[in-house]
Structures are given as structure tokens and as C-alpha cells.
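data18.cif follows; it contains mmCIF, C-alpha atoms and all ligand atoms.
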data_input
loop_
_atom_site.label_atom_id
_atom_site.label_comp_id
_atom_site.auth_asym_id
_atom_site.auth_seq_id
_atom_site.Cartn_x
_atom_site.Cartn_y
_atom_site.Cartn_z
CA MET A 1 142.12 102.51 84.28
CA THR A 2 142.63 100.79 87.61
CA ALA A 3 143.05 102.82 90.77
CA THR A 4 146.70 101.73 91.13
CA ARG A 5 147.62 103.42 87.84
CA ALA A 6 145.95 106.64 88.86
CA GLU A 7 148.06 109.65 89.63
CA PHE A 8 145.54 110.98 92.10
CA GLU A 9 141.99 110.37 93.30
CA VAL A 10 139.13 112.72 94.08
CA PHE A 11 136.14 111.89 96.28
CA ALA A 12 132.89 113.79 95.76
CA PRO A 13 130.05 113.06 98.19
CA GLY A 14 126.32 112.74 97.64
CA ARG A 15 124.01 114.74 99.87
CA VAL A 16 120.82 114.47 101.83
CA ASN A 17 118.74 117.46 102.75
CA LEU A 18 117.49 117.46 106.34
CA ILE A 19 114.92 120.17 105.73
CA GLY A 20 114.26 123.08 103.34
CA GLU A 21 112.95 121.45 100.17
CA HIS A 22 112.12 123.32 96.96
CA THR A 23 113.10 126.55 98.69
CA ASP A 24 116.54 127.10 97.12
CA TYR A 25 115.26 128.42 93.78
CA ASN A 26 112.90 130.69 95.72
CA ASP A 27 115.89 132.41 97.38
CA GLY A 28 115.01 130.57 100.60
CA LEU A 29 116.70 128.49 103.30
CA VAL A 30 117.98 124.90 103.16
CA MET A 31 119.80 122.54 105.50
CA PRO A 32 121.59 119.75 103.65
CA LEU A 33 124.68 117.72 104.53
CA ALA A 34 127.21 115.74 102.54
CA ILE A 35 126.98 112.00 103.18
CA ASP A 36 129.79 109.47 103.46
CA ARG A 37 128.91 107.92 100.09
CA GLY A 38 129.67 109.36 96.70
CA LEU A 39 131.94 109.12 93.68
CA ARG A 40 135.61 108.23 93.51
CA ILE A 41 137.38 109.61 90.47
CA ALA A 42 140.77 108.08 89.65
CA VAL A 43 142.68 110.44 87.39
CA ARG A 44 145.85 110.50 85.36
CA PRO A 45 147.14 113.00 82.81
CA ARG A 46 147.54 111.78 79.20
CA GLY A 47 149.03 113.08 75.96
CA GLY A 48 146.97 114.84 73.31
CA SER A 49 143.92 116.99 73.90
CA LEU A 50 141.22 114.57 75.01
CA ALA A 51 139.46 114.14 78.34
CA VAL A 52 138.44 110.47 78.45
CA VAL A 53 136.03 109.72 81.29
CA SER A 54 134.45 106.37 82.15
CA SER A 55 131.97 105.59 84.90
CA THR A 56 130.42 102.55 86.48
CA MET A 57 127.20 104.61 86.74
CA GLY A 58 126.70 105.73 83.15
CA GLY A 59 126.93 104.27 79.67
CA PRO A 60 130.09 104.03 77.55
CA ALA A 61 133.14 106.23 78.27
CA VAL A 62 132.95 109.79 76.99
CA GLU A 63 135.63 111.63 75.03
CA ILE A 64 135.79 115.40 75.05
CA ASP A 65 138.26 117.33 72.92
CA LEU A 66 139.65 120.07 75.14
CA ALA A 67 141.30 121.81 72.17
CA ARG A 68 137.94 123.01 70.81
CA PRO A 69 135.43 125.41 72.39
CA LEU A 70 132.95 123.28 74.35
CA ALA A 71 129.22 123.80 73.88
CA ALA A 72 126.01 122.19 75.10
CA GLY A 73 124.38 119.58 72.91
CA ARG A 74 125.40 116.07 73.86
CA GLY A 75 122.70 113.75 75.13
CA ASP A 76 124.64 111.26 77.24
CA TRP A 77 125.90 111.52 80.85
CA GLY A 78 129.04 113.24 79.51
CA ARG A 79 127.02 116.46 79.33
CA TYR A 80 127.61 117.00 83.05
CA VAL A 81 131.36 116.59 82.55
CA GLU A 82 131.44 118.75 79.44
CA GLY A 83 129.40 121.48 81.15
CA VAL A 84 131.93 121.75 83.96
CA LEU A 85 134.94 121.70 81.62
CA ALA A 86 133.24 124.41 79.52
CA GLY A 87 132.82 126.53 82.67
CA PHE A 88 136.56 126.44 83.32
CA GLN A 89 137.29 127.11 79.65
CA ARG A 90 135.08 130.19 79.89
CA LEU A 91 137.18 131.39 82.81
CA GLY A 92 140.26 131.07 80.62
CA TRP A 93 141.74 128.00 82.33
CA THR A 94 143.76 125.68 80.08
CA ILE A 95 142.79 122.14 81.06
CA PRO A 96 145.42 119.48 80.30
CA ALA A 97 144.30 116.21 78.70
CA PHE A 98 143.38 113.52 81.23
CA GLU A 99 141.83 110.15 81.75
CA ALA A 100 139.39 109.55 84.62
CA ALA A 101 137.60 106.45 85.89
CA ILE A 102 134.59 106.99 88.14
CA THR A 103 133.23 104.45 90.59
CA ALA A 104 130.21 105.17 92.77
CA ASP A 105 128.37 103.86 95.77
CA LEU A 106 125.52 106.27 95.13
CA PRO A 107 122.40 105.34 93.16
CA ALA A 108 122.17 107.49 89.96
CA GLY A 109 118.86 109.39 89.87
CA GLY A 110 118.21 108.27 93.44
CA GLY A 111 117.76 111.74 94.90
CA LEU A 112 121.19 111.86 96.58
CA SER A 113 122.64 114.35 94.10
CA SER A 114 124.73 112.04 92.00
CA SER A 115 124.76 114.79 89.36
CA ALA A 116 126.11 117.48 91.71
CA ALA A 117 128.70 114.96 92.94
CA LEU A 118 129.76 114.36 89.34
CA GLU A 119 129.94 118.07 88.54
CA VAL A 120 131.81 119.11 91.67
CA GLY A 121 134.02 116.01 91.44
CA ILE A 122 135.08 116.94 87.89
CA ALA A 123 135.61 120.57 88.97
CA THR A 124 137.90 119.31 91.74
CA VAL A 125 139.78 117.17 89.20
CA VAL A 126 140.32 120.27 87.05
CA GLU A 127 141.61 122.21 90.07
CA GLU A 128 144.07 119.42 90.84
CA LEU A 129 145.23 119.12 87.23
CA CYS A 130 145.74 122.88 86.94
CA GLY A 131 147.28 123.28 90.39
CA ARG A 132 145.00 126.16 91.35
CA ARG A 133 141.69 126.63 93.12
CA LEU A 134 138.49 128.43 92.40
CA ASP A 135 136.68 130.24 95.19
CA PRO A 136 134.28 127.55 96.56
CA VAL A 137 131.11 129.59 95.95
CA ALA A 138 132.22 130.35 92.37
CA LYS A 139 132.97 126.65 91.94
CA ALA A 140 129.49 125.63 93.12
CA LEU A 141 127.88 128.22 90.84
CA LEU A 142 129.96 127.03 87.86
CA CYS A 143 128.65 123.50 88.48
CA GLN A 144 125.06 124.72 88.80
CA ARG A 145 125.42 126.55 85.48
CA ALA A 146 126.72 123.33 83.88
CA GLU A 147 123.55 121.57 85.04
CA HIS A 148 121.32 124.36 83.73
CA GLU A 149 122.96 124.79 80.35
CA PHE A 150 124.30 121.33 79.52
CA ALA A 151 121.83 119.01 81.29
CA GLY A 152 118.75 121.23 80.95
CA VAL A 153 117.79 120.96 84.63
CA PRO A 154 116.89 124.35 86.18
CA CYS A 155 118.14 123.31 89.64
CA GLY A 156 118.77 125.63 92.58
CA ILE A 157 122.12 125.95 94.37
CA MET A 158 121.60 123.57 97.28
CA ASP A 159 123.24 120.42 95.92
CA GLN A 160 126.35 122.01 94.45
CA PHE A 161 126.82 124.13 97.60
CA ALA A 162 126.48 121.08 99.84
CA VAL A 163 129.01 119.02 97.86
CA THR A 164 131.48 121.93 97.64
CA LEU A 165 131.21 123.44 101.12
CA ALA A 166 130.31 120.57 103.48
CA ARG A 167 132.20 119.89 106.68
CA ARG A 168 132.52 116.56 108.48
CA GLY A 169 130.07 116.22 111.38
CA HIS A 170 128.03 119.23 110.28
CA ALA A 171 124.93 120.14 108.31
CA LEU A 172 124.96 123.39 106.33
CA ARG A 173 122.39 126.10 106.82
CA ILE A 174 122.45 127.93 103.53
CA ASP A 175 120.72 131.19 102.78
CA CYS A 176 120.16 130.79 99.06
CA ARG A 177 119.68 134.51 98.60
CA SER A 178 122.85 135.84 100.24
CA HIS A 179 124.83 132.58 99.76
CA ALA A 180 125.75 132.77 103.46
CA VAL A 181 126.66 129.32 104.78
CA GLU A 182 126.62 128.36 108.44
CA HIS A 183 128.03 125.00 109.52
CA VAL A 184 125.69 123.52 112.12
CA PRO A 185 127.22 120.71 114.20
CA LEU A 186 125.06 117.59 114.31
CA ALA A 187 125.25 116.34 117.85
CA ASP A 188 126.53 112.88 118.72
CA ASP A 189 123.12 111.91 120.08
CA VAL A 190 121.48 111.59 116.64
CA ALA A 191 122.01 109.23 113.72
CA LEU A 192 120.85 109.40 110.11
CA LEU A 193 119.24 106.72 107.99
CA VAL A 194 118.70 106.99 104.23
CA ILE A 195 115.92 104.88 102.70
CA ASP A 196 115.77 104.49 98.93
CA SER A 197 112.21 104.23 97.56
CA GLY A 198 113.66 102.57 94.46
CA VAL A 199 111.54 104.91 92.34
CA LYS A 200 113.87 106.65 89.88
CA HIS A 201 113.27 110.28 89.23
CA ALA A 202 114.47 112.31 86.27
CA LEU A 203 114.40 115.97 87.17
CA ALA A 204 114.61 116.90 83.50
CA ASP A 205 111.26 115.18 82.94
CA GLY A 206 109.32 118.32 83.67
CA GLY A 207 107.79 118.11 87.15
CA TYR A 208 110.67 120.02 88.73
CA ALA A 209 110.62 122.80 86.12
CA ALA A 210 106.83 123.01 86.46
CA ARG A 211 107.13 123.58 90.24
CA ARG A 212 109.68 126.27 89.63
CA ARG A 213 107.35 128.02 87.18
CA GLU A 214 104.40 127.76 89.58
CA CYS A 215 106.44 129.40 92.35
CA GLN A 216 107.49 132.18 89.99
CA SER A 217 103.90 132.65 88.96
CA ALA A 218 102.81 132.87 92.63
CA ALA A 219 105.51 135.46 93.35
CA GLY A 220 104.44 137.44 90.27
CA MET A 221 100.81 137.46 91.41
CA LEU A 222 101.91 138.65 94.85
CA GLY A 223 103.93 141.43 93.23
CA VAL A 224 107.29 140.32 94.64
CA PRO A 225 110.47 139.15 92.87
CA THR A 226 110.59 135.81 94.75
CA LEU A 227 108.59 134.02 97.43
CA ARG A 228 111.34 134.95 99.93
CA ASP A 229 110.08 138.52 99.67
CA VAL A 230 106.62 137.76 101.09
CA SER A 231 106.66 139.22 104.58
CA ASP A 232 105.46 136.97 107.40
CA ALA A 233 103.09 139.66 108.63
CA ASN A 234 100.83 139.71 105.56
CA ALA A 235 101.46 136.17 104.27
CA GLU A 236 98.15 134.64 105.22
CA ALA A 237 96.01 137.37 103.74
CA ALA A 238 98.16 137.55 100.61
CA LEU A 239 98.01 133.81 99.96
CA ARG A 240 94.24 133.76 100.32
CA GLY A 241 93.92 135.79 97.12
CA LEU A 242 95.91 133.33 94.98
CA PRO A 243 94.49 130.59 92.71
CA ASP A 244 94.56 127.12 94.27
CA VAL A 245 97.83 125.80 92.77
CA GLU A 246 99.83 128.98 93.39
CA ARG A 247 98.43 129.25 96.93
CA ARG A 248 99.50 125.74 97.85
CA ARG A 249 102.95 126.05 96.27
CA ALA A 250 103.55 129.37 98.04
CA ARG A 251 102.21 128.03 101.34
CA HIS A 252 104.73 125.20 101.16
CA VAL A 253 107.67 127.49 100.43
CA LEU A 254 106.84 130.02 103.17
CA GLY A 255 106.17 127.27 105.70
CA GLU A 256 109.32 125.39 104.72
CA ASN A 257 111.55 128.46 105.22
CA ALA A 258 110.07 128.84 108.70
CA ARG A 259 110.64 125.13 109.37
CA VAL A 260 114.35 125.45 108.49
CA LEU A 261 114.70 128.19 111.11
CA GLY A 262 112.74 126.11 113.61
CA PHE A 263 114.84 123.01 112.89
CA ALA A 264 118.13 124.88 113.29
CA ALA A 265 116.94 126.34 116.60
CA ALA A 266 115.72 122.94 117.83
CA ALA A 267 119.03 121.32 116.83
CA THR A 268 120.97 123.99 118.70
CA ARG A 269 119.07 123.32 121.91
CA GLY A 270 119.17 119.55 121.33
CA ASP A 271 115.40 119.24 121.07
CA TRP A 272 115.34 116.41 118.53
CA GLN A 273 111.66 115.65 119.11
CA ALA A 274 110.81 119.16 117.90
CA ALA A 275 113.26 118.84 114.97
CA GLY A 276 111.66 115.52 114.01
CA ARG A 277 108.16 116.99 114.12
CA LEU A 278 109.27 119.67 111.68
CA MET A 279 110.60 116.98 109.34
CA HIS A 280 107.22 115.29 109.48
CA GLU A 281 105.43 118.59 108.73
CA SER A 282 107.82 119.18 105.85
CA HIS A 283 106.94 115.83 104.32
CA THR A 284 103.21 116.45 104.67
CA SER A 285 103.56 119.82 103.01
CA LEU A 286 105.64 118.37 100.15
CA ARG A 287 103.03 115.64 99.70
CA ASP A 288 99.87 117.73 99.88
CA ASP A 289 100.74 121.31 98.95
CA PHE A 290 103.80 120.92 96.73
CA GLU A 291 102.80 117.50 95.30
CA VAL A 292 106.30 116.15 94.71
CA SER A 293 106.14 112.98 96.82
CA CYS A 294 105.04 109.56 95.59
CA ARG A 295 103.18 106.61 97.11
CA GLU A 296 106.34 104.69 98.05
CA LEU A 297 107.92 107.70 99.80
CA ASP A 298 104.68 108.37 101.69
CA LEU A 299 104.49 104.75 102.85
CA ILE A 300 108.16 104.73 103.88
CA CYS A 301 107.87 107.97 105.85
CA ALA A 302 104.71 106.80 107.61
CA ALA A 303 106.25 103.41 108.46
CA VAL A 304 109.66 104.69 109.59
CA GLY A 305 108.21 107.77 111.29
CA GLY A 306 106.14 105.48 113.53
CA VAL A 307 109.11 103.49 114.84
CA ALA A 308 110.18 104.16 118.45
CA GLY A 309 113.53 105.98 118.44
CA VAL A 310 112.85 107.78 115.13
CA TYR A 311 112.49 111.54 115.61
CA GLY A 312 111.35 112.28 112.07
CA CYS A 313 111.37 111.00 108.51
CA ARG A 314 110.77 112.87 105.25
CA MET A 315 111.43 112.67 101.54
CA THR A 316 114.69 114.38 100.60
CA GLY A 317 115.70 116.12 97.37
CA GLY A 318 113.61 117.01 94.36
CA GLY A 319 111.07 114.22 94.88
CA PHE A 320 108.94 112.26 92.39
CA GLY A 321 110.84 109.24 93.77
CA GLY A 322 114.32 109.01 95.22
CA CYS A 323 115.12 108.74 98.92
CA ALA A 324 113.77 109.53 102.36
CA VAL A 325 115.92 110.57 105.32
CA ALA A 326 115.23 109.73 108.95
CA LEU A 327 116.71 111.23 112.09
CA LEU A 328 117.13 108.67 114.87
CA GLU A 329 118.28 108.33 118.42
CA ARG A 330 121.92 107.35 118.19
CA ARG A 331 121.69 105.28 121.35
CA ALA A 332 120.31 101.93 120.19
CA ALA A 333 120.52 103.01 116.53
CA ASP A 334 121.02 99.40 115.43
CA GLU A 335 117.72 98.31 116.95
CA VAL A 336 115.96 101.37 115.53
CA VAL A 337 117.30 100.58 112.04
CA ALA A 338 116.18 96.95 112.37
CA ALA A 339 112.70 98.10 113.43
CA ALA A 340 112.59 100.58 110.53
CA ARG A 341 113.55 97.77 108.16
CA ALA A 342 110.75 95.57 109.49
CA ALA A 343 108.21 98.41 109.32
CA CYS A 344 109.11 99.15 105.69
CA SER A 345 108.94 95.49 104.69
CA ALA A 346 105.53 95.11 106.29
CA THR A 347 104.17 98.23 104.57
CA LEU A 348 105.77 97.93 101.14
CA GLY A 349 105.83 94.15 100.84
CA HIS A 350 109.57 94.24 100.19
CA GLU A 351 112.63 95.61 101.94
CA PRO A 352 113.90 98.84 100.42
CA THR A 353 117.63 99.60 100.30
CA MET A 354 118.54 101.60 103.38
CA PHE A 355 121.81 102.66 104.90
CA PRO A 356 122.92 104.66 107.92
CA THR A 357 125.08 107.65 107.07
CA THR A 358 127.11 110.39 108.76
CA PRO A 359 127.82 113.97 107.70
CA GLY A 360 131.04 113.82 105.70
CA PRO A 361 133.47 116.29 104.14
CA ALA A 362 133.16 118.25 100.89
CA ALA A 363 134.64 117.02 97.59
CA HIS A 364 138.40 116.68 97.99
CA ARG A 365 141.54 114.96 96.76
CA THR A 366 141.96 111.82 98.86
C1 LIG A 401 116.94 119.07 93.49
C2 LIG A 401 117.64 120.34 93.01
C3 LIG A 401 117.91 121.29 94.18
C4 LIG A 401 116.65 121.54 95.01
C5 LIG A 401 115.97 120.23 95.35
C6 LIG A 401 114.65 120.44 96.03
O1 LIG A 401 117.79 118.33 94.31
O2 LIG A 401 118.86 120.02 92.38
O3 LIG A 401 118.45 122.51 93.69
O4 LIG A 401 115.80 122.42 94.35
O5 LIG A 401 115.76 119.41 94.20
O6 LIG A 401 114.81 121.02 97.27
#

Please render this file's structure as C-alpha cells.
Ligand code: GLA
Amino acid sequence: MTATRAEFEVFAPGRVNLIGEHTDYNDGLVMPLAIDRGLRIAVRPRGGSLAVVSSTMGGPAVEIDLARPLAAGRGDWGRYVEGVLAGFQRLGWTIPAFEAAITADLPAGGGLSSSAALEVGIATVVEELCGRRLDPVAKALLCQRAEHEFAGVPCGIMDQFAVTLARRGHALRIDCRSHAVEHVPLADDVALLVIDSGVKHALADGGYAARRRECQSAAGMLGVPTLRDVSDANAEAALRGLPDVERRRARHVLGENARVLGFAAAATRGDWQAAGRLMHESHTSLRDDFEVSCRELDLICAAVGGVAGVYGCRMTGGGFGGCAVALLERRAADEVVAAARAACSATLGHEPTMFPTTPGPAAHRT
């Protein structure tokens, strides 16, 4: 289907996380933003009972029969679509048959939440087709459930919340326990650069789920429901009693929650040097204590972090590959980007894909 034959179009953004990594499933704090890249979904209603969805990112088009009860089980990329449609079915919504063609300027499996963009994009398509809206938090949670049950990835809520609730020009400070969302304006004096390590991650491969289990195990040993419940006052003493792996995982999560608060405070007073230092500390902690970085991301962050005009650079998202995000001085951003490019080439021996970005809006009909 070409865009001109579409009845309507939905845009669903990718996201980068500024700080607060691997904290969401520990009921902690995160600070992501929606970027200006993502998926465009051209949609038109059709006769019959099928949803027919094609994508430039995935394999062949998928067909889903909306007249039957939908259940997990398919192995292709259509599982994300089917999971979302099943969520609406469960709510009793009758979804009319439709045809959708997806184009993307987001790398799949590149750590920019292409899966959350797909889920929330399809949920937005359903809202448009049905002419009614779901509460945004319920919508994000429906999409997260689709990822858990249909894609087998035990993700937290950060990505789906960011794609559903983002606001142009703002990052979101999300409390993953209360689901409270605060929109934090990102001042005009900073710019963002995304650098793709080119290393593909697959969160379903096991490393992500293993980290989640290790955090749960640490919380269990500390006698609390989640790592969010460890009080600052006794944290150090409590962690000392844990086995090595649990201690390091817990130390990352507790430190990272504190860094989100520090980053938000620094951003509010416009102290970007301090915010950048916290990004650097976050990366170090993810590398050494949480062990979710990789050689390429470490090299990129060291190279870009050393460039004049860069406040901070860290891996973003689940890790094991994917992207890094850097915060730069907006004044002279072009020269800073050029210097970052040169630094990466010198360190890696090739030039990674990188692009400046700005905080964009949530998924919406265009
Ligand atoms: C992935 C998950 C998120 C979050 C991050 C790590 O992106 O989908 O829920 O856990 O990893 O911060």
C-alpha cells in the first residue's frame, strides 16, 4: 500500500533514555525521551476480518484474523502486532479489518525501542480505527503486556511509557512504582547525539531476563519486595552482606536511582556539566557492576565523552549492543558532532552511524 492510498497515518517515535537504566523493573526512576525518528504506519480499512500488516523492518507481511480469539504463539515480528490486538480484544473492543504498511527510520534491535514504537503505533492505529481512546497509562501497560506475553521479553514500563506519554521538547521523569510522570523541559542550550554501535542486541536472548532475576534475588536476600525499598540510610551496610553478583547489581540500581534525581536537579538549574558527569557514572556502573555494556559501546562513550563540548555520553537502553546517547553544548553543535565523528573513527577504525536528535512528541495520528 502506498502512502497516497492510505486513509490515515500514525507516527510512533523511538526513544533514548538519558539516565535511569535497568531501574524500571525494580520500581525505580527513569528519564527517557521520545526522539524525532520512528515508525510511520499508513492505514486503511478493508473488507473481511483480516489485519494485514507489512513492514520495511521485518520479514514478509503478517495476516491476523480478527474474527478469532488471539493468542500468543507466533514466532515472527507479527507477534508484537498480535499481542497488542489481543490486548484490545481482551478489553472487549471490536477491531475492524485493516491494512497497514510500516516504514521506519529506526534500526530494529538497535536499542531505540523499535518494539515499543511498533506496539504503541499499532495501539494508536486501533484507537483511530475504533474512534475511541484508551487512558494513556492503560495503553502503555497493554503494550508492555503484549511484549511480555507475545514476544517473551520481560521488559519494564519505560519504553512504552515514553512512546505513549512523551511531549515535544521534554524528557519524562517517570516513577516506575507510582507511574507518576513529570515532563522535564530540555533547555535550548543542549543538543542530543545518538551513536549506533552497530552491535545488534536481542533482549529475548537471555541477558536481560538474567539481570532481572539477579535484581529480584538481591531484593529477596535483603528482605524487601523490590530494590526500590532499600532505604538509603542502611544501603551500604545491607549491600555488604550480599554475594558478589547480587551486591553489584543492587549497587547499580540504587546508585542509578540517585543519579536520576541528581540529573533532574542538575537539568533544572542548568548545570549540564554535573548532568554529564552523572551520565558518565551511569555508564561506568552499567559496564562494571551491571555488566550490560559491550566493547564497542565502551569505546564510543570514552571517545565521545572526551570531546570538548560533550557534557556526557552513555549507553542507552537494555544494552548488550545498541546505541549510546551524548549530551552536547548546542552552541557549536555541528563542530562537536564532527569532532565526535572523528574521535569514534579513530577509536573504532570505522565511522559508526550517528545522528543528532531532538525530543519529539508521543505516538499520534499525523
Ligand atoms: C529495555 C527495556 C526497558 C528497560 C531498559 C533498561 O529497553 O525494554 O523496560 O528495562 O531495557 O533500562

- Query: Using all atoms listed in the file, which protein or nucleic acid residues are at most 7 Å from ligand LIG 401 (chain A), as a ChimeraX atom specification?
  - Reply: /A:20-25,111,113,155-159,317-318

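Note that the spacing between CA of Val292 in chain A and CA of Met315 in chain A amounts to 9.2 Å.
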
- Contacts of Asp271 in chain A within 12 Å, only C-alpha atoms, excl. fewer than 4 positions in-chain, as a PyMOL selection string: chain A and resi 186-187+189-190+262-267+275-278+311+329

Proximity of range 65-142 of chain A to range 160-178 of chain A: per-residue shortest pair, 12 Å limit, only C-alpha atoms, as CSV:
residue,atom,partner,partner_atom,distance
A:Val84,CA,A:Gln160,CA,11.9
A:Leu112,CA,A:Val163,CA,10.7
A:Ser113,CA,A:Gln160,CA,8.5
A:Ser114,CA,A:Val163,CA,10.1
A:Ser115,CA,A:Gln160,CA,9.0
A:Ala116,CA,A:Gln160,CA,5.3
A:Ala117,CA,A:Val163,CA,6.4
A:Leu118,CA,A:Val163,CA,9.7
A:Glu119,CA,A:Gln160,CA,8.0
A:Val120,CA,A:Thr164,CA,6.6
A:Gly121,CA,A:Val163,CA,8.7
A:Ile122,CA,A:Thr164,CA,11.5
A:Ala123,CA,A:Thr164,CA,9.7
A:Thr124,CA,A:Thr164,CA,9.1
A:Leu134,CA,A:Thr164,CA,10.9
A:Asp135,CA,A:Thr164,CA,10.1
A:Pro136,CA,A:Thr164,CA,6.4
A:Val137,CA,A:Phe161,CA,7.1
A:Ala138,CA,A:Phe161,CA,9.8
A:Lys139,CA,A:Thr164,CA,7.5
A:Ala140,CA,A:Gln160,CA,5.0
A:Leu141,CA,A:Gln160,CA,7.3
A:Leu142,CA,A:Gln160,CA,9.0

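The nearest approach to Glu7 in chain A among the residues A:Gln89, A:Pro154, A:Phe98, A:Leu66, with all atoms listed in the file taken into account, belongs to A:Phe98.
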
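Of the residues under consideration (A:Asp105, A:Arg365, A:Leu29, A:Phe290), A:Arg365 shows the shortest atom-to-atom contact distance to Glu127 in chain A when counting all atoms listed in the file.
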
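One finds CA of Ala362 in chain A at 6.8 Å from CA of Ala12 in chain A.
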
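Remark: for Glu291 in chain A, the closest of the candidate residues A:Arg211, A:Gly198, A:Val260, A:Leu328 is A:Arg211 (distances computed over all atoms listed in the file).
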
- Would you mind listing what lies within 7 Å of range 341-358 of chain A as a PyMOL selection string, with all atoms listed in the file counted and same-chain residues fewer than 5 positions away left out? chain A and resi 35-36+192-197+299-300+303-304

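Residues lying within 9 Å of Arg314 in chain A, counting all atoms listed in the file and ignoring same-chain neighbours fewer than 4 positions away, are Leu18, Ile19, Met279, His280, Glu281, Ser282, His283, Thr284, Leu297, Asp298, Ile300, Cys301, Ala302, Gly305, Cys323, Ala324, Val325 and Ala326 of chain A.
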
Padding 6 Å on every side, please: axis-aligned box over the listed atoms of range 278-286 of chain A, centre and edge lengths to one decimal in Å, as JSON.
{"center_x": 106.9, "center_y": 117.6, "center_z": 105.9, "size_x": 19.4, "size_y": 16.5, "size_z": 23.5}

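Summary of the local environment: counting all atoms listed in the file, residues at most 12 Å from Thr94 in chain A, other than itself and those fewer than 6 positions away along its chain, are Ser49, Leu66, Ala67, Arg68, Pro69, Leu85, Ala86, Gly87, Phe88, Val126, Glu127, Leu129, Cys130, Gly131 and Arg132 of chain A.
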
- Task: Between CA of Val310 in chain A and CA of Gly28 in chain A, measure the distance and give it in Å to one decimal.
- Result: 27.1 Å
